[in-house]
Structure formats: structure tokens, C-alpha cells
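Source file: input-v6.csv. Holds: CSV, C-alpha atoms (C1' of nucleotides).
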chain,number,residue,atom,x,y,z
W,1421,MET,CA,129.4,4.8,-81.0
W,1422,ASN,CA,128.9,6.2,-77.6
W,1423,GLY,CA,128.1,4.3,-74.4
W,1424,ARG,CA,124.4,4.4,-74.5
W,1425,TYR,CA,123.8,0.8,-75.5
W,1426,PRO,CA,125.8,-0.8,-72.6
W,1427,ILE,CA,124.2,1.7,-70.2
W,1428,ALA,CA,120.7,0.8,-71.4
W,1429,LEU,CA,121.5,-2.9,-71.1
W,1430,HIS,CA,122.8,-2.4,-67.6
W,1431,ILE,CA,119.7,-0.5,-66.5
W,1432,LEU,CA,117.3,-3.0,-68.1
W,1433,THR,CA,119.2,-6.0,-66.7
W,1434,LEU,CA,118.9,-4.5,-63.2
W,1435,LEU,CA,115.2,-3.9,-63.6
W,1436,ASN,CA,114.6,-7.3,-65.2
W,1437,LYS,CA,116.3,-9.0,-62.3
W,1438,THR,CA,114.3,-7.0,-59.8
W,1439,GLN,CA,110.7,-7.8,-60.3
W,1440,SER,CA,109.5,-7.2,-56.8
W,1441,GLU,CA,110.4,-3.7,-56.0
W,1442,LEU,CA,111.0,-0.3,-57.5
W,1443,LEU,CA,114.6,0.8,-58.0
W,1444,SER,CA,115.5,4.5,-57.7
W,1445,SER,CA,117.7,6.4,-60.2
W,1446,ASP,CA,120.1,6.8,-57.3
W,1447,TYR,CA,120.4,3.1,-56.8
W,1448,ILE,CA,120.8,2.3,-60.5
W,1449,ALA,CA,123.4,5.1,-60.8
W,1450,GLY,CA,125.2,3.5,-57.9
W,1451,SER,CA,125.4,0.2,-59.8
W,1452,ILE,CA,126.5,1.7,-63.0
W,1453,ASN,CA,128.7,4.3,-61.3
W,1454,ILE,CA,127.4,7.3,-63.2
W,1455,ASN,CA,125.2,10.3,-62.4
W,1456,PRO,CA,121.6,9.7,-61.4
W,1457,ALA,CA,120.4,12.5,-63.8
W,1458,LEU,CA,122.0,10.6,-66.7
W,1459,VAL,CA,120.2,7.4,-65.6
W,1460,ARG,CA,116.9,9.3,-65.5
W,1461,LYS,CA,117.6,10.7,-68.9
W,1462,GLU,CA,118.3,7.4,-70.5
W,1463,ILE,CA,115.3,5.8,-68.7
W,1464,SER,CA,113.1,8.6,-70.1
W,1465,ASN,CA,114.0,7.3,-73.5
W,1466,LEU,CA,113.6,3.6,-72.6
W,1467,ARG,CA,110.2,4.4,-71.0
W,1468,ASN,CA,109.1,6.1,-74.2
W,1469,HIS,CA,109.8,2.8,-75.9
W,1470,GLY,CA,107.7,0.9,-73.5
W,1471,PHE,CA,110.4,-1.0,-71.7
W,1472,ILE,CA,110.3,0.7,-68.3
W,1473,ALA,CA,107.5,1.9,-66.0
W,1474,SER,CA,108.1,4.7,-63.6
W,1475,LYS,CA,106.4,6.0,-60.5
W,1476,GLU,CA,106.9,9.5,-59.3
W,1477,GLY,CA,107.0,10.8,-55.8
W,1478,LYS,CA,108.3,9.5,-52.5
W,1479,GLY,CA,108.9,5.8,-52.6
W,1480,GLY,CA,108.8,6.0,-56.4
W,1481,GLY,CA,111.2,4.5,-58.9
W,1482,TYR,CA,111.5,2.2,-61.8
W,1483,SER,CA,110.4,-1.3,-62.9
W,1484,ILE,CA,110.5,-3.3,-66.0
W,1485,ALA,CA,107.3,-2.7,-68.0
W,1486,LYS,CA,107.1,-6.1,-69.7
W,1487,PRO,CA,108.7,-9.6,-69.4
W,1488,GLY,CA,112.3,-9.7,-70.5
W,1489,ARG,CA,111.4,-12.5,-72.8
W,1490,GLN,CA,109.4,-9.9,-74.8
W,1491,ILE,CA,112.3,-7.4,-75.2
W,1492,THR,CA,114.9,-8.4,-77.8
W,1493,LEU,CA,118.4,-6.9,-77.9
W,1494,ALA,CA,117.3,-5.5,-81.3
W,1495,ASP,CA,114.5,-3.6,-79.6
W,1496,ILE,CA,117.0,-2.0,-77.3
W,1497,TYR,CA,119.3,-1.3,-80.2
W,1498,ASN,CA,116.5,0.5,-82.0
W,1499,ALA,CA,115.8,2.5,-79.0
W,1500,VAL,CA,119.4,3.9,-78.6
W,1501,LYS,CA,120.8,3.4,-82.1
W,1502,GLU,CA,123.1,5.8,-83.9
W,1503,PRO,CA,122.2,7.0,-87.4
W,1504,HIS,CA,124.5,4.5,-89.1
W,1505,ILE,CA,126.1,1.2,-88.0
W,1506,LEU,CA,129.5,2.0,-89.5
W,1507,GLY,CA,129.7,5.7,-88.8
W,1508,VAL,CA,129.0,8.7,-90.8
W,1509,ALA,CA,131.6,11.0,-92.4
W,1510,LYS,CA,130.8,14.7,-92.1
W,1511,ASN,CA,132.2,15.7,-95.5
W,1512,THR,CA,130.1,16.6,-98.5
W,1513,PRO,CA,131.7,14.7,-101.4
W,1514,ASN,CA,132.6,16.5,-104.5
W,1515,PRO,CA,129.6,16.4,-106.9
W,1516,ASP,CA,131.9,17.0,-109.9
W,1517,CYS,CA,133.7,13.7,-109.2
W,1518,ALA,CA,132.1,10.6,-110.6
W,1519,ILE,CA,132.7,8.6,-107.5
W,1520,GLY,CA,132.0,11.5,-105.1
W,1521,LYS,CA,128.7,12.1,-106.7
W,1522,GLN,CA,127.4,8.5,-106.0
W,1523,ILE,CA,129.2,7.5,-102.9
W,1524,ASN,CA,126.6,8.6,-100.4
W,1525,LYS,CA,123.8,6.7,-102.1
W,1526,ASN,CA,125.9,3.6,-102.3
W,1527,ILE,CA,127.1,3.8,-98.7
W,1528,GLU,CA,123.5,4.4,-97.6
W,1529,GLU,CA,122.4,1.2,-99.4
W,1530,LEU,CA,125.2,-0.8,-97.9
W,1531,TYR,CA,124.4,0.4,-94.5
W,1532,ILE,CA,120.7,-0.5,-94.8
W,1533,ASP,CA,121.7,-4.0,-95.8
W,1534,LEU,CA,124.2,-4.4,-92.9
W,1535,ASP,CA,121.8,-2.9,-90.4
W,1536,THR,CA,119.1,-5.3,-91.4
W,1537,ALA,CA,121.4,-8.3,-90.9
W,1538,PHE,CA,122.6,-6.9,-87.6
W,1539,ILE,CA,119.1,-6.4,-86.3
W,1540,ALA,CA,118.1,-9.9,-87.4
W,1541,LYS,CA,121.0,-11.2,-85.3
W,1542,LEU,CA,120.2,-9.1,-82.3
W,1543,GLY,CA,116.5,-10.1,-82.6
W,1544,THR,CA,117.4,-13.6,-81.8
W,1545,MET,CA,118.4,-12.6,-78.2
W,1546,THR,CA,116.2,-11.3,-75.5
W,1547,LEU,CA,116.8,-9.3,-72.4
W,1548,GLU,CA,115.9,-12.5,-70.5
W,1549,ASP,CA,118.6,-14.4,-72.2
W,1550,PHE,CA,121.1,-11.7,-71.4
W,1551,SER,CA,119.9,-11.6,-67.8
W,1552,ASN,CA,120.3,-15.3,-67.4
W,1553,LYS,CA,124.0,-15.0,-68.0
W,1554,PHE,CA,124.2,-13.4,-64.5
W,1555,VAL,CA,124.7,-16.0,-61.8
M,1472,MET,CA,131.5,5.6,-84.4
M,1473,ASN,CA,133.5,8.1,-86.4
M,1474,GLY,CA,133.7,8.6,-90.1
M,1475,ARG,CA,136.8,6.5,-90.8
M,1476,TYR,CA,135.0,3.6,-92.5
M,1477,PRO,CA,133.1,5.7,-95.1
M,1478,ILE,CA,136.3,7.7,-95.7
M,1479,ALA,CA,138.3,4.5,-96.2
M,1480,LEU,CA,135.7,3.1,-98.5
M,1481,HIS,CA,135.7,6.3,-100.6
M,1482,ILE,CA,139.5,6.2,-100.9
M,1483,LEU,CA,139.6,2.6,-101.8
M,1484,THR,CA,136.8,2.9,-104.3
M,1485,LEU,CA,138.6,5.7,-106.1
M,1486,LEU,CA,141.8,3.7,-106.3
M,1487,ASN,CA,140.1,0.6,-107.4
M,1488,LYS,CA,138.4,2.4,-110.2
M,1489,THR,CA,141.6,4.0,-111.3
M,1490,GLN,CA,144.0,1.2,-112.1
M,1491,SER,CA,146.0,3.1,-114.7
M,1492,GLU,CA,147.4,6.1,-112.9
M,1493,LEU,CA,148.5,7.2,-109.5
M,1494,LEU,CA,146.2,9.5,-107.6
M,1495,SER,CA,147.6,12.2,-105.3
M,1496,SER,CA,146.3,12.9,-101.8
M,1497,ASP,CA,145.2,16.2,-103.1
M,1498,TYR,CA,143.1,14.7,-105.8
M,1499,ILE,CA,141.6,12.2,-103.4
M,1500,ALA,CA,140.9,14.9,-100.8
M,1501,GLY,CA,139.2,16.9,-103.5
M,1502,SER,CA,136.8,14.1,-104.2
M,1503,ILE,CA,136.0,13.4,-100.6
M,1504,ASN,CA,136.2,17.1,-99.7
M,1505,ILE,CA,138.4,16.8,-96.7
M,1506,ASN,CA,142.0,17.8,-95.9
M,1507,PRO,CA,144.8,16.1,-97.9
M,1508,ALA,CA,146.8,15.4,-94.7
M,1509,LEU,CA,143.8,13.4,-93.3
M,1510,VAL,CA,143.8,11.4,-96.5
M,1511,ARG,CA,147.5,10.7,-96.2
M,1512,LYS,CA,146.9,9.7,-92.6
M,1513,GLU,CA,144.2,7.2,-93.3
M,1514,ILE,CA,146.1,5.9,-96.3
M,1515,SER,CA,149.0,5.3,-94.1
M,1516,ASN,CA,146.9,2.9,-92.1
M,1517,LEU,CA,145.4,1.3,-95.2
M,1518,ARG,CA,148.8,0.9,-96.7
M,1519,ASN,CA,150.0,-0.9,-93.5
M,1520,HIS,CA,147.1,-3.3,-94.1
M,1521,GLY,CA,148.3,-4.0,-97.6
M,1522,PHE,CA,145.4,-2.4,-99.5
M,1523,ILE,CA,147.3,0.5,-101.0
M,1524,ALA,CA,150.7,1.1,-102.6
M,1525,SER,CA,152.3,4.5,-102.5
M,1526,LYS,CA,155.0,6.3,-104.5
M,1527,GLU,CA,156.9,9.2,-103.0
M,1528,GLY,CA,158.4,12.2,-104.8
M,1529,LYS,CA,157.3,14.2,-107.8
M,1530,GLY,CA,154.7,12.4,-109.9
M,1531,GLY,CA,154.0,10.1,-106.9
M,1532,GLY,CA,150.7,9.1,-105.5
M,1533,TYR,CA,148.6,6.1,-104.6
M,1534,SER,CA,147.3,3.0,-106.2
M,1535,ILE,CA,145.4,-0.1,-105.2
M,1536,ALA,CA,147.8,-2.8,-104.0
M,1537,LYS,CA,145.7,-5.8,-105.0
M,1538,PRO,CA,142.6,-6.6,-107.0
M,1539,GLY,CA,139.4,-5.3,-105.4
M,1540,ARG,CA,138.1,-8.8,-105.6
M,1541,GLN,CA,140.6,-9.8,-103.0
M,1542,ILE,CA,139.6,-7.1,-100.5
M,1543,THR,CA,136.4,-7.7,-98.5
M,1544,LEU,CA,134.5,-5.1,-96.7
M,1545,ALA,CA,135.3,-7.1,-93.6
M,1546,ASP,CA,139.0,-6.6,-94.3
M,1547,ILE,CA,138.4,-2.8,-94.4
M,1548,TYR,CA,136.3,-3.0,-91.3
M,1549,ASN,CA,139.1,-4.7,-89.4
M,1550,ALA,CA,141.5,-2.0,-90.6
M,1551,VAL,CA,139.5,0.9,-89.2
M,1552,LYS,CA,137.4,-0.7,-86.6
M,1553,GLU,CA,136.4,0.7,-83.2
M,1554,PRO,CA,137.0,-1.3,-80.0
M,1555,HIS,CA,133.4,-2.4,-79.8
M,1556,ILE,CA,130.5,-2.7,-82.2
M,1557,LEU,CA,127.9,-1.3,-79.9
M,1558,GLY,CA,129.9,1.3,-78.1
M,1559,VAL,CA,131.7,1.3,-74.8
M,1560,ALA,CA,130.6,3.0,-71.6
M,1561,LYS,CA,133.4,4.7,-69.7
M,1562,ASN,CA,132.1,3.9,-66.3
M,1563,THR,CA,133.4,1.3,-63.9
M,1564,PRO,CA,130.4,-0.5,-62.6
M,1565,ASN,CA,130.0,-1.0,-58.9
M,1566,PRO,CA,131.8,-4.3,-57.9
M,1567,ASP,CA,129.6,-4.6,-54.8
M,1568,CYS,CA,126.5,-4.9,-57.0
M,1569,ALA,CA,125.8,-8.4,-58.2
M,1570,ILE,CA,124.9,-7.1,-61.7
M,1571,GLY,CA,127.6,-4.4,-61.8
M,1572,LYS,CA,130.2,-7.0,-61.0
M,1573,GLN,CA,129.4,-9.2,-63.9
M,1574,ILE,CA,128.1,-6.8,-66.6
M,1575,ASN,CA,131.4,-6.1,-68.3
M,1576,LYS,CA,132.2,-9.8,-68.8
M,1577,ASN,CA,128.8,-10.4,-70.2
M,1578,ILE,CA,128.8,-7.4,-72.5
M,1579,GLU,CA,132.2,-8.5,-73.7
M,1580,GLU,CA,130.9,-11.9,-74.6
M,1581,LEU,CA,127.8,-10.5,-76.4
M,1582,TYR,CA,130.0,-8.1,-78.4
M,1583,ILE,CA,132.4,-10.9,-79.6
M,1584,ASP,CA,129.4,-12.9,-80.7
M,1585,LEU,CA,127.9,-9.9,-82.6
M,1586,ASP,CA,131.2,-8.8,-84.1
M,1587,THR,CA,131.8,-12.3,-85.4
M,1588,ALA,CA,128.4,-12.4,-87.1
M,1589,PHE,CA,128.9,-8.9,-88.5
M,1590,ILE,CA,132.3,-9.7,-89.9
M,1591,ALA,CA,130.9,-12.8,-91.5
M,1592,LYS,CA,128.3,-10.7,-93.3
M,1593,LEU,CA,130.8,-8.1,-94.4
M,1594,GLY,CA,133.1,-10.8,-95.6
M,1595,THR,CA,130.6,-11.8,-98.3
M,1596,MET,CA,131.1,-8.4,-100.0
M,1597,THR,CA,134.2,-7.2,-101.7
M,1598,LEU,CA,135.6,-3.8,-102.7
M,1599,GLU,CA,135.0,-4.9,-106.3
M,1600,ASP,CA,131.3,-5.5,-105.6
M,1601,PHE,CA,131.0,-2.1,-104.0
M,1602,SER,CA,132.9,-0.4,-106.9
M,1603,ASN,CA,130.5,-2.0,-109.3
M,1604,LYS,CA,127.6,-0.1,-107.8
M,1605,PHE,CA,129.1,3.0,-109.4
M,1606,VAL,CA,127.8,3.6,-113.0
Y,717,DC,C1',172.0,20.0,-109.9
Y,718,DA,C1',168.3,22.9,-108.8
Y,719,DA,C1',163.5,23.5,-108.9
Y,720,DT,C1',159.3,21.2,-108.3
Y,721,DA,C1',155.8,18.2,-106.7
Y,722,DC,C1',154.8,14.8,-104.2
Y,723,DT,C1',154.6,11.6,-99.6
Y,724,DG,C1',155.1,10.9,-94.5
Y,725,DT,C1',154.5,12.4,-90.1
Y,726,DA,C1',154.1,15.2,-86.1
Y,727,DA,C1',152.3,19.0,-83.6
Y,728,DT,C1',148.8,21.9,-82.8
Y,729,DA,C1',144.2,24.0,-83.0
Y,730,DA,C1',139.3,24.0,-83.7
Y,731,DA,C1',135.0,21.9,-83.7
Y,732,DA,C1',131.8,18.5,-82.4
Y,733,DT,C1',130.1,15.2,-79.4
Y,734,DT,C1',129.5,13.0,-75.1
Y,735,DA,C1',129.3,12.8,-70.3
Y,736,DG,C1',128.7,15.1,-65.9
Y,737,DT,C1',126.6,18.5,-62.8
Y,738,DT,C1',123.4,21.4,-60.8
Y,739,DA,C1',119.0,23.0,-60.0
Y,740,DC,C1',114.4,22.9,-59.3
Y,741,DA,C1',109.4,22.2,-60.4
Y,742,DA,C1',106.1,18.5,-60.0
Y,743,DT,C1',104.5,14.5,-57.7
Y,744,DT,C1',103.4,11.1,-54.3
Y,745,DT,C1',103.6,9.2,-49.6
Y,746,DA,C1',103.2,9.4,-44.9
H,1252,DT,C1',103.5,19.8,-44.3
H,1253,DA,C1',107.9,17.4,-44.7
H,1254,DA,C1',110.5,14.2,-47.2
H,1255,DA,C1',111.8,11.5,-51.1
H,1256,DT,C1',111.5,10.9,-55.5
H,1257,DT,C1',110.9,11.6,-60.8
H,1258,DG,C1',111.3,14.7,-65.0
H,1259,DT,C1',113.6,17.9,-67.4
H,1260,DA,C1',116.3,21.8,-68.7
H,1261,DA,C1',120.4,24.5,-68.6
H,1262,DC,C1',125.0,24.6,-68.2
H,1263,DT,C1',129.8,22.9,-67.8
H,1264,DA,C1',133.6,19.8,-68.4
H,1265,DA,C1',135.9,16.3,-70.7
H,1266,DT,C1',136.9,13.7,-74.6
H,1267,DT,C1',137.1,12.6,-79.3
H,1268,DT,C1',137.2,13.8,-83.9
H,1269,DT,C1',138.5,16.6,-87.6
H,1270,DA,C1',141.2,20.2,-89.6
H,1271,DT,C1',145.3,22.9,-90.2
H,1272,DT,C1',150.0,23.9,-90.6
H,1273,DA,C1',154.5,22.8,-91.1
H,1274,DC,C1',158.3,20.7,-92.8
H,1275,DA,C1',161.7,16.9,-93.6
H,1276,DG,C1',162.4,13.3,-97.0
H,1277,DT,C1',162.1,11.6,-101.8
H,1278,DA,C1',161.7,11.2,-106.7
H,1279,DT,C1',161.3,13.6,-111.3
H,1280,DT,C1',162.5,16.7,-114.8
H,1281,DG,C1',164.5,20.4,-117.3
Could you render the structure from this file as C-alpha cells?
Amino acid sequence: MNGRYPIALHILTLLNKTQSELLSSDYIAGSININPALVRKEISNLRNHGFIASKEGKGGGYSIAKPGRQITLADIYNAVKEPHILGVAKNTPNPDCAIGKQINKNIEELYIDLDTAFIAKLGTMTLEDFSNKFV
Amino acid sequence: MNGRYPIALHILTLLNKTQSELLSSDYIAGSININPALVRKEISNLRNHGFIASKEGKGGGYSIAKPGRQITLADIYNAVKEPHILGVAKNTPNPDCAIGKQINKNIEELYIDLDTAFIAKLGTMTLEDFSNKFV
DNA sequence: CAATACTGTAATAAAATTAGTTACAATTTA
DNA sequence: TAAATTGTAACTAATTTTATTACAGTATTG
């Protein structure tokens, strides 16, 4: 798994804590300590999911698009998630092997089961809850 | 996340289904369709965790070290797991930012919480259960 | 005891993925 | 019109993952 989830959480926490004004990608990048273009790229994704509103032009920037109470950590997970929770092997198993032939289907099933449980757990926590951990 | 979990599951399923004889890394690699040296490397890890027994020399190979009923999918997860369930960002957040200063601690807490729940779920399934999905 | 067939492990190389950088058009404000 | 900002693409660098090669060590078997 790459660093997109923690980055997304960082961005959304900042915006959720800053209701009154717009934050620029430069400011956000300064808090995270990464490149502003990367921030804009991830925000582009989060905006497509309806979590963030943006305003172009001078004085523009970003704000949270809806109350943190209405964004669960599962929603964020779904917005940045990897294809499979426990990783994907890149091999193509041997179709002439009894196990190899069936393993992908069975792993797939297992993953769906796990993913469902994981999302259920994440769904019990909101961005607001997470934000409230900050003093 | 990389492909180690599915690879480990594949190896262990093969061995659990083959109680009577030893399987060579070559045979296992043939089923997975990856390099035998990689198989031996992952097995080296799984052996250190007590899941696999090995025999060197001619006619040697691998076998399951204990009943599949005694190996949970959580045990396997713990043997190959990544540092964090939802990924790690490589940045060092700005310590002069109120959010940046606290985010790592809060993410850490969240991850421990999630990991615990995930392991509990995985702990309800055994290698035997997984093996039984194969007809 | 010599040949063979394995494991165990390390070193290296190749491939794939992720993160970072640069650039610039488009937009808005003043 | 100048300045500040987003949006996006193209490219580069770094890191991680996977693959390959090699070979010493260990049993087995004729």
C-alpha cells in the first residue's frame, strides 16, 4: 500500500479544521511537507468524490465540501483504495495444477469478505471523529 | 501492499493439501508460476514462523509443519505483514503546523485500532477452511 | 565414494510502482 | 493588465518489488 490514505487524511483533516477560509495547495503541501502538485493531484481525486470544493484563480484554494460528520473513514478509503486489501501477486498460476487453477477465485472471495468487514469497521468512524483527536 | 500474502497462501495451501509427500521449491514454483528461489525465500520466512518443515538434500522438499486447523489466516498475515494496514506516507509533516505536528500520532492510533479488528476477523479463518474451498 | 538432486542464502539485475519536479494553460481577483 | 492560484500533463528520480544467477551445504542412491 502506498501513502495515499494518510496523505488524503492529512488534507481532509486540515480542511475540516479550517472552515472559515480557503487553503492553497501551497499551504497544505507545507503542512504535509510534499510537493504542491501532488497535493493538487490527490485533491483532484477527493474533489471528484465530493469531499472537497475548490476555487480557481487568485485568492482561490480549497475547502471541505460537506461536514466532517458526513464523511466516514470508509468513504475516504473507497476514494483512494488499492485493488486488494492484502495485496496482489502478479503471477499467473499454473492452470494445470489443481490448486493453481482455483487459487485466484478463492483469494478473490476471501478478499471481498475481508474488505467488507474492513469497510464496516472504517464506516463507524468519521472525519469529524478523527479531527477531534487533534487538540 | 506487495504480493507476499497471496504467495504465502498459495504455498501453504499446496502443502496443506499434500500431506503424504514432500514438495520441492521447483514444483511449488511451477504451480505459482514464479521463480523457485523466491519460493525458497518466502518459505524460509514461513518456516521461521513454524508453519513449514523442510528437508535438505536429494529427495528433500517441504511439508506443512502442523495441521491447517491450527494455522489461522491471521497467523499468516502476521508472518508477512506490512508495517501499516493503510499504507505509510514517507513525508515528515511540518512540526510548526498544529495538524502536521500531531498527525502521525493520530494515524498511528487509528492504524492500531484497525489492525486489531482486522486480525480478529482473520483469526476466525484457518488454513484448513481456506483449503476446503478447493474442490 | 561419487554423482545427483535438493535446500539455503546472497548478490545482482530488471521491472514496476510511487513520488517528485517542472511547466504552463486557464481562471479569477484586484 | 498583473498577480496568484488551480488543473493537468509530461517527464524524471527514487524506491520497492520481483526475477535471476550462482554456489556452498546436505542428503540420497547406485
Legend entry - CA of Thr1536 in chain W to CA of Ser1502 in chain M, straight-line distance in Å: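 Separation between CA of Ser1502 in chain M and CA of Thr1536 in chain W: 29.2 Å.
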Inset, instruction - Check the smallest atom-to-atom distance from each of M:Leu1598, M:Leu1585, M:Ile1574, M:Ala1536 to Leu1480 in chain M using all atoms listed in the file, then report the winner. - result: M:Leu1598
Legend entry - Residue among M:Asn1473, M:Thr1597, M:Ser1602, M:Gln1490 lying closest to chain W, counting all atoms listed in the file: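 Looking at the shortest contact to chain W, the residue is M:Asn1473.
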Find the residues around DA735 in chain Y up to 9 Å (all atoms listed in the file counted), leave out those fewer than 2 positions away in its own chain, and share them as a PDB file with C-alpha atoms (C1' of nucleotides), in the coordinates of the input.
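In the end it all went to part-v8.pdb:
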ATOM      1  CA  LEU W1458     122.000  10.600 -66.700  1.00  0.00           C
TER       2      LEU W1458
ATOM      3  C1'  DA H1264     133.600  19.800 -68.400  1.00  0.00           C
ATOM      4  C1'  DA H1265     135.900  16.300 -70.700  1.00  0.00           C
ATOM      5  C1'  DT H1266     136.900  13.700 -74.600  1.00  0.00           C
TER       6       DT H1266
END
Inset, instruction - Using only C-alpha atoms (C1' of nucleotides), give me every residue within 7 Å of (130.0, 6.6, -92.0) in file coordinates, as JSON, numbers by chain. - result: {"W": [1504, 1506, 1507, 1508, 1509], "M": [1473, 1474, 1475, 1476, 1477]}
With the cut-off set at 10 Å and counting only C-alpha atoms (C1' of nucleotides), tabulate each residue of chain M with an atom at most that distance from an atom of chain Y, showing the nearest atom pair and its distance in Å to one decimal, ordered by chain and increasing number, as CSV.
residue,atom,partner,partner_atom,distance
M:Ser1495,CA,Y:DC722,C1',7.7
M:Ser1496,CA,Y:DT723,C1',8.7
M:Asp1497,CA,Y:DC722,C1',9.8
M:Ala1508,CA,Y:DG724,C1',9.4
M:Arg1511,CA,Y:DG724,C1',7.8
M:Lys1512,CA,Y:DT725,C1',8.4
M:Ser1515,CA,Y:DG724,C1',8.3
M:Ser1525,CA,Y:DT723,C1',8.0
M:Lys1526,CA,Y:DT723,C1',7.2
M:Glu1527,CA,Y:DT723,C1',4.8
M:Gly1528,CA,Y:DC722,C1',4.5
M:Lys1529,CA,Y:DA721,C1',4.4
M:Gly1530,CA,Y:DC722,C1',6.2
M:Gly1531,CA,Y:DC722,C1',5.5
M:Gly1532,CA,Y:DC722,C1',7.1
M:Tyr1533,CA,Y:DT723,C1',9.6
M:Ala1560,CA,Y:DA735,C1',10.0
M:Lys1561,CA,Y:DA735,C1',9.1
What are the closest atom pairs, with distances in Å to one decimal, for each residue of chain H lying within 8 Å of chain W, using all atoms listed in the file, rows by chain and rising residue number, as a tab-separated table?
residue	atom	partner	partner_atom	distance
H:DA1254	C1'	W:Lys1478	CA	7.4
H:DA1255	C1'	W:Lys1478	CA	4.3
H:DT1256	C1'	W:Gly1477	CA	4.5
H:DT1257	C1'	W:Glu1476	CA	4.8
H:DG1258	C1'	W:Arg1460	CA	7.8
Could you write range 1500-1520 of chain M as a PDB file, in the frame of the given file, with N, CA and C atoms rebuilt where they are missing?
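part03.pdb, written as the output of this step:
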ATOM      1  N   ALA M1500     141.561  13.987-101.768  1.00  0.00           N
ATOM      2  CA  ALA M1500     140.900  14.900-100.800  1.00  0.00           C
ATOM      3  C   ALA M1500     139.879  15.774-101.508  1.00  0.00           C
ATOM      4  N   GLY M1501     140.136  16.099-102.770  1.00  0.00           N
ATOM      5  CA  GLY M1501     139.200  16.900-103.500  1.00  0.00           C
ATOM      6  C   GLY M1501     137.881  16.156-103.791  1.00  0.00           C
ATOM      7  N   SER M1502     137.973  14.854-103.979  1.00  0.00           N
ATOM      8  CA  SER M1502     136.800  14.100-104.200  1.00  0.00           C
ATOM      9  C   SER M1502     135.969  13.891-102.923  1.00  0.00           C
ATOM     10  N   ILE M1503     136.700  13.648-101.839  1.00  0.00           N
ATOM     11  CA  ILE M1503     136.000  13.400-100.600  1.00  0.00           C
ATOM     12  C   ILE M1503     135.575  14.767 -99.968  1.00  0.00           C
ATOM     13  N   ASN M1504     136.376  15.774-100.251  1.00  0.00           N
ATOM     14  CA  ASN M1504     136.200  17.100 -99.700  1.00  0.00           C
ATOM     15  C   ASN M1504     136.605  17.185 -98.232  1.00  0.00           C
ATOM     16  N   ILE M1505     137.798  16.678 -97.987  1.00  0.00           N
ATOM     17  CA  ILE M1505     138.400  16.800 -96.700  1.00  0.00           C
ATOM     18  C   ILE M1505     139.891  17.220 -96.903  1.00  0.00           C
ATOM     19  N   ASN M1506     140.617  17.370 -95.831  1.00  0.00           N
ATOM     20  CA  ASN M1506     142.000  17.800 -95.900  1.00  0.00           C
ATOM     21  C   ASN M1506     142.959  16.730 -96.398  1.00  0.00           C
ATOM     22  N   PRO M1507     143.873  17.081 -97.302  1.00  0.00           N
ATOM     23  CA  PRO M1507     144.800  16.100 -97.900  1.00  0.00           C
ATOM     24  C   PRO M1507     145.627  15.376 -96.775  1.00  0.00           C
ATOM     25  N   ALA M1508     145.973  16.081 -95.710  1.00  0.00           N
ATOM     26  CA  ALA M1508     146.800  15.400 -94.700  1.00  0.00           C
ATOM     27  C   ALA M1508     145.970  14.314 -93.992  1.00  0.00           C
ATOM     28  N   LEU M1509     144.673  14.502 -93.903  1.00  0.00           N
ATOM     29  CA  LEU M1509     143.800  13.400 -93.300  1.00  0.00           C
ATOM     30  C   LEU M1509     143.800  12.241 -94.244  1.00  0.00           C
ATOM     31  N   VAL M1510     143.750  12.516 -95.524  1.00  0.00           N
ATOM     32  CA  VAL M1510     143.800  11.400 -96.500  1.00  0.00           C
ATOM     33  C   VAL M1510     145.060  10.641 -96.368  1.00  0.00           C
ATOM     34  N   ARG M1511     146.174  11.359 -96.303  1.00  0.00           N
ATOM     35  CA  ARG M1511     147.500  10.700 -96.200  1.00  0.00           C
ATOM     36  C   ARG M1511     147.525   9.841 -94.917  1.00  0.00           C
ATOM     37  N   LYS M1512     146.939  10.369 -93.858  1.00  0.00           N
ATOM     38  CA  LYS M1512     146.900   9.700 -92.600  1.00  0.00           C
ATOM     39  C   LYS M1512     146.146   8.349 -92.668  1.00  0.00           C
ATOM     40  N   GLU M1513     144.964   8.432 -93.235  1.00  0.00           N
ATOM     41  CA  GLU M1513     144.200   7.200 -93.300  1.00  0.00           C
ATOM     42  C   GLU M1513     144.816   6.239 -94.304  1.00  0.00           C
ATOM     43  N   ILE M1514     145.392   6.770 -95.382  1.00  0.00           N
ATOM     44  CA  ILE M1514     146.100   5.900 -96.300  1.00  0.00           C
ATOM     45  C   ILE M1514     147.257   5.207 -95.686  1.00  0.00           C
ATOM     46  N   SER M1515     147.927   5.923 -94.830  1.00  0.00           N
ATOM     47  CA  SER M1515     149.000   5.300 -94.100  1.00  0.00           C
ATOM     48  C   SER M1515     148.598   4.051 -93.398  1.00  0.00           C
ATOM     49  N   ASN M1516     147.438   4.131 -92.796  1.00  0.00           N
ATOM     50  CA  ASN M1516     146.900   2.900 -92.100  1.00  0.00           C
ATOM     51  C   ASN M1516     146.497   1.868 -93.136  1.00  0.00           C
ATOM     52  N   LEU M1517     145.823   2.263 -94.194  1.00  0.00           N
ATOM     53  CA  LEU M1517     145.400   1.300 -95.200  1.00  0.00           C
ATOM     54  C   LEU M1517     146.553   0.654 -95.925  1.00  0.00           C
ATOM     55  N   ARG M1518     147.605   1.407 -96.051  1.00  0.00           N
ATOM     56  CA  ARG M1518     148.800   0.900 -96.700  1.00  0.00           C
ATOM     57  C   ARG M1518     149.441  -0.198 -95.760  1.00  0.00           C
ATOM     58  N   ASN M1519     149.456   0.094 -94.470  1.00  0.00           N
ATOM     59  CA  ASN M1519     150.000  -0.900 -93.500  1.00  0.00           C
ATOM     60  C   ASN M1519     149.197  -2.203 -93.577  1.00  0.00           C
ATOM     61  N   HIS M1520     147.962  -2.117 -93.994  1.00  0.00           N
ATOM     62  CA  HIS M1520     147.100  -3.300 -94.100  1.00  0.00           C
ATOM     63  C   HIS M1520     147.251  -3.963 -95.497  1.00  0.00           C
TER      64      HIS M1520
END
